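Participant: Structure provided below as structure tokens; questions to follow.
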Amino acid sequence: MYETLLYSVTGPVATITFNRPERLNTIVPPMPDEFQDAMTRANRDSEVKVVVVRGAGRSFCAGYDFSGGFKHWEDQMNTDGEWDAGKDFVMATAPSESPTQKFMSIWRSPKPVIAQIHGWCVGGGSEMALGADIVIASEDARIGTPYARMWGCHLSGMWIYRLGMAKAKEYALTGKAVSGVEAERIGLINKAVPFEDLEAEVAKMAAQLASIPVSQLSAMKLIVNQAYENQGLASTQMLGPILDGLMRNTPEAKKFITIAEQQGVAAVVAERDTPFGDYSAAPADEQPNPNNVIHV
């Protein structure tokens with residue numbers, strides 16, 4: 001039914017699996033629309049009480065696919081081959097168009113959502129995952145916002161709202177990647193476990209939540225969400241994607257994409273990340289284990 005993801009239901013648990021494993025589940029159309037549709041299906045299914053979101057293959061989601069610039073989104077952002085700030089503004093802010101808002105259906109869902117993270121969970125993938133209610137990661141997963149260094153800005157604001165100011169500023173300014181272990185330590189996620197225990201840990205949490213009435217789960221989720229809404233979450237999510245569009249079109253950003261198109265993504269991200277020694281510039285033991293694969 002879907003091009004970019006799989007949807008299944010087992011008992012009271014619906015599972016949404018990003019299914020572009022050959023591209024590390026990077027985000028392209030129609031993934032945001034399909035994700036929102038899958039969330040709607042889960043919420044309308046009276047048998048479903050909990051939703052699990054995960055990724056097939058070696059990663060949860062490695063963010064937006066920019067291997068050819070942003071060619072997948074050209075109709076929404078360009079006019080006559082050139083960036084159209086007006087179009088980008090509409091895509092960034094209109095609920096019917098905004099990928100961020102479609103992924104935030106994870107937040108608006110009255111039913112609890114568990115994000116099961118392994119491998120790379122970066123950029124827009126991390127923005128989406130951190131919108132879940134419970135986040136459980138493998139210890140070797142890497143979560144980060146490399147766009148903080150070039151070609152982007154926070155989208156959902158979840159990196160800000162999940163962390164205190166000191167850490168929120170540190171990761172906003174540096175874009176550093178954190179392991180699952182470190183993410184748990186700083187309070188970014190709920191729990192990190194060895195990869196071999198990840199699926200069982202998520203299933204255990206889902207079963208515990210499913211033992212509670214849906215109305216109770218919805219009420220408790222609503223009261224916590226509302227506290228963060230009152231802190232200006234909607235305003236943050238409007239400004240972030242607007243700034244993201246601007247940061248994709250600075251002289252430095254245009255050079256970044258030109259190099260990516262001419263020399264490949266690997267070359268340009270190596271230049272971006274080498275000073276920090278993380279992401280693809282990290283030693284092998286500081287990257288996700290490529291043998292840790294989710295099979296579907």
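Residue names in the structure tokens use chain letters A, B, ... in the order shown, residue numbers from 1 in each chain, and ligand numbers from 1 in the order shown.
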Return as a Markdown table the residues of segment 150-265 of chain A lying at most 10 Å from segment 125-136 of chain A, together with the closest atom-to-atom pair for each and the distance in Å to one decimal, counting only C-alpha atoms, with rows in chain order and ascending residue number.
Facilitator:
```
| residue | atom | partner | partner_atom | distance |
| --- | --- | --- | --- | --- |
| A:His154 | CA | A:Glu127 | CA | 7.6 |
| A:Leu155 | CA | A:Glu127 | CA | 6.6 |
| A:Ser156 | CA | A:Glu127 | CA | 5.6 |
| A:Gly157 | CA | A:Glu127 | CA | 7.3 |
| A:Met158 | CA | A:Leu130 | CA | 5.8 |
| A:Trp159 | CA | A:Glu127 | CA | 7.2 |
| A:Tyr161 | CA | A:Leu130 | CA | 9.7 |
| A:Arg162 | CA | A:Leu130 | CA | 8.1 |
| A:Gly180 | CA | A:Ile136 | CA | 8.4 |
| A:Ala183 | CA | A:Ile136 | CA | 9.9 |
| A:Glu184 | CA | A:Ile136 | CA | 8.8 |
| A:Leu188 | CA | A:Leu130 | CA | 8.0 |
| A:Ile189 | CA | A:Val135 | CA | 5.2 |
| A:Asn190 | CA | A:Val135 | CA | 5.3 |
| A:Lys191 | CA | A:Ile136 | CA | 4.9 |
| A:Ala192 | CA | A:Ile136 | CA | 5.8 |
| A:Val193 | CA | A:Ile136 | CA | 7.7 |
| A:Leu198 | CA | A:Ile136 | CA | 7.6 |
| A:Glu199 | CA | A:Ile136 | CA | 9.4 |
| A:Glu201 | CA | A:Ile136 | CA | 8.0 |
| A:Val202 | CA | A:Ile136 | CA | 6.9 |
| A:Met205 | CA | A:Ile134 | CA | 8.8 |
| A:Ala206 | CA | A:Ile134 | CA | 9.7 |
| A:Lys221 | CA | A:Asp133 | CA | 7.9 |
| A:Val224 | CA | A:Asp133 | CA | 9.8 |
| A:Asn225 | CA | A:Asp133 | CA | 9.4 |
```
Participant: Counting only C-alpha atoms, what are the residues of segment 66-148 of chain A within 8 Å of segment 32-38 of chain A, and for each of them which pair of atoms is the nearest and at what distance in Å, to one decimal? Sort the table by chain and rising number, as CSV.
Facilitator:
```
residue,atom,partner,partner_atom,distance
A:Pro99,CA,A:Pro32,CA,5.4
A:Thr100,CA,A:Pro32,CA,7.9
A:Lys102,CA,A:Gln36,CA,5.4
A:Phe103,CA,A:Pro32,CA,5.9
A:Ser105,CA,A:Gln36,CA,5.9
```
Participant: Using C-alpha atoms, can you export the residues from the last selection as a PDB file, in the first residue's frame?
Facilitator:
```pdb
ATOM      1  CA  PRO A  99       6.745  17.637   6.147  1.00  0.00           C
ATOM      2  CA  THR A 100       7.544  18.596   9.749  1.00  0.00           C
ATOM      3  CA  LYS A 102       3.044  15.626   8.916  1.00  0.00           C
ATOM      4  CA  PHE A 103       5.714  13.880  10.988  1.00  0.00           C
ATOM      5  CA  SER A 105       1.293  13.461  13.779  1.00  0.00           C
TER       6      SER A 105
END
```
Participant: Find, counting only C-alpha atoms, the residue in A:Phe89, A:Tyr147, A:Tyr2, A:Phe66 that gets nearest to Val265 of chain A.
Facilitator: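 Between A:Phe89, A:Tyr147, A:Tyr2, A:Phe66, the residue approaching Val265 of chain A most closely is A:Phe66.
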Participant: If you measure from atom CA of Gln116 of chain A to atom CA of Leu243 of chain A, what distance in Å do you get, rounded to one decimal?
Facilitator: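 If I compute the distance from atom CA of Gln116 of chain A to atom CA of Leu243 of chain A, I get 28.7 Å.
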Participant: What lies within 9 Å of Glu286 of chain A using only C-alpha atoms, ignoring chain neighbours under 3 positions off, as a compact mmCIF listing (two decimals) with all heavy atoms, in the first residue's frame?
Facilitator:
```txt
# COMPACT_ATOMS: atom_id res chain seq x y z
N ASP A 140 24.60 1.53 20.50
CA ASP A 140 25.53 2.00 19.48
C ASP A 140 24.88 2.93 18.47
O ASP A 140 25.55 3.40 17.55
CB ASP A 140 26.16 0.81 18.75
CG ASP A 140 25.15 0.09 17.87
OD1 ASP A 140 24.03 -0.18 18.36
OD2 ASP A 140 25.45 -0.20 16.70
N ARG A 142 23.50 6.30 16.71
CA ARG A 142 24.03 7.65 16.71
C ARG A 142 22.90 8.61 16.33
O ARG A 142 22.29 8.48 15.28
CB ARG A 142 25.21 7.80 15.74
CG ARG A 142 26.50 7.11 16.22
CD ARG A 142 26.98 7.69 17.54
NE ARG A 142 28.25 7.18 18.00
CZ ARG A 142 28.42 6.06 18.71
NH1 ARG A 142 27.38 5.31 19.00
NH2 ARG A 142 29.63 5.69 19.12
N SER A 179 25.79 8.92 21.14
CA SER A 179 25.42 7.50 21.10
C SER A 179 24.11 7.30 21.86
O SER A 179 23.65 8.19 22.59
CB SER A 179 26.52 6.67 21.76
OG SER A 179 26.58 6.95 23.15
N ASP A 278 33.11 13.12 13.94
CA ASP A 278 31.91 12.30 14.18
C ASP A 278 31.21 11.99 12.87
O ASP A 278 31.74 12.23 11.78
CB ASP A 278 30.97 13.00 15.18
CG ASP A 278 30.59 14.41 14.76
OD1 ASP A 278 30.88 14.81 13.60
OD2 ASP A 278 30.01 15.15 15.58
N TYR A 279 30.03 11.40 12.95
CA TYR A 279 29.30 10.92 11.77
C TYR A 279 30.23 10.05 10.93
O TYR A 279 30.92 9.20 11.47
CB TYR A 279 28.68 12.09 11.00
CG TYR A 279 27.70 12.88 11.85
CD1 TYR A 279 28.00 14.15 12.32
CD2 TYR A 279 26.46 12.32 12.22
CE1 TYR A 279 27.12 14.86 13.12
CE2 TYR A 279 25.57 13.03 13.02
CZ TYR A 279 25.90 14.29 13.47
OH TYR A 279 25.04 14.98 14.27
N ALA A 282 33.92 9.69 11.98
CA ALA A 282 34.25 9.06 13.27
C ALA A 282 34.96 7.73 13.05
O ALA A 282 34.78 7.07 12.02
CB ALA A 282 32.97 8.84 14.07
N PRO A 283 35.78 7.30 14.03
CA PRO A 283 36.35 5.96 13.95
C PRO A 283 35.23 4.92 13.91
O PRO A 283 34.10 5.18 14.35
CB PRO A 283 37.15 5.85 15.26
CG PRO A 283 37.33 7.24 15.74
CD PRO A 283 36.16 8.02 15.25
N ASN A 289 27.08 -0.05 14.59
CA ASN A 289 27.55 -1.35 14.08
C ASN A 289 26.75 -1.69 12.82
O ASN A 289 25.54 -1.87 12.90
CB ASN A 289 27.36 -2.42 15.14
CG ASN A 289 27.93 -3.76 14.72
OD1 ASN A 289 28.09 -4.05 13.55
ND2 ASN A 289 28.22 -4.61 15.70
```
Participant: Return as a VMD selection string the full set of residues in segment 111-268 of chain A whose backbone-based DSSP assignment is helix (DSSP H, G or I).
Facilitator: chain A and resid 124 to 129 146 to 148 158 to 162 165 to 174 180 to 185 195 to 210 214 to 229 233 to 247 251 to 263 265 to 268
Participant: From the list A:Gly81, A:Pro30, A:Pro112, A:Pro12, which residue is nearest Leu217 of chain A when using only C-alpha atoms?
Facilitator: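 Nearest to Leu217 of chain A: A:Pro112.
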Participant: Check segment 77-232 of chain A with DSSP on the backbone and list each residue it calls strand (DSSP E), as a ChimeraX atom specification.
Facilitator: /A:78-79,82-83,113-117,120-122,134-138,142-144,178-179,191-193
Participant: Of the residues A:Arg108, A:Thr15, A:Asn25, A:Ser59, which is the one nearest to Glu229 of chain A, using only C-alpha atoms?
Facilitator: A:Arg108
Participant: What is the atom CA of Thr17 of chain A to atom CA of Ala56 of chain A distance in Å?
Facilitator: 6.3 Å
Participant: Which residues, written as a ChimeraX atom specification, have at least one atom at most 6 Å from Trp151 of chain A, with only C-alpha atoms counted and residues fewer than 4 positions away on the same chain left out?
Facilitator: /A:147,247-248,253
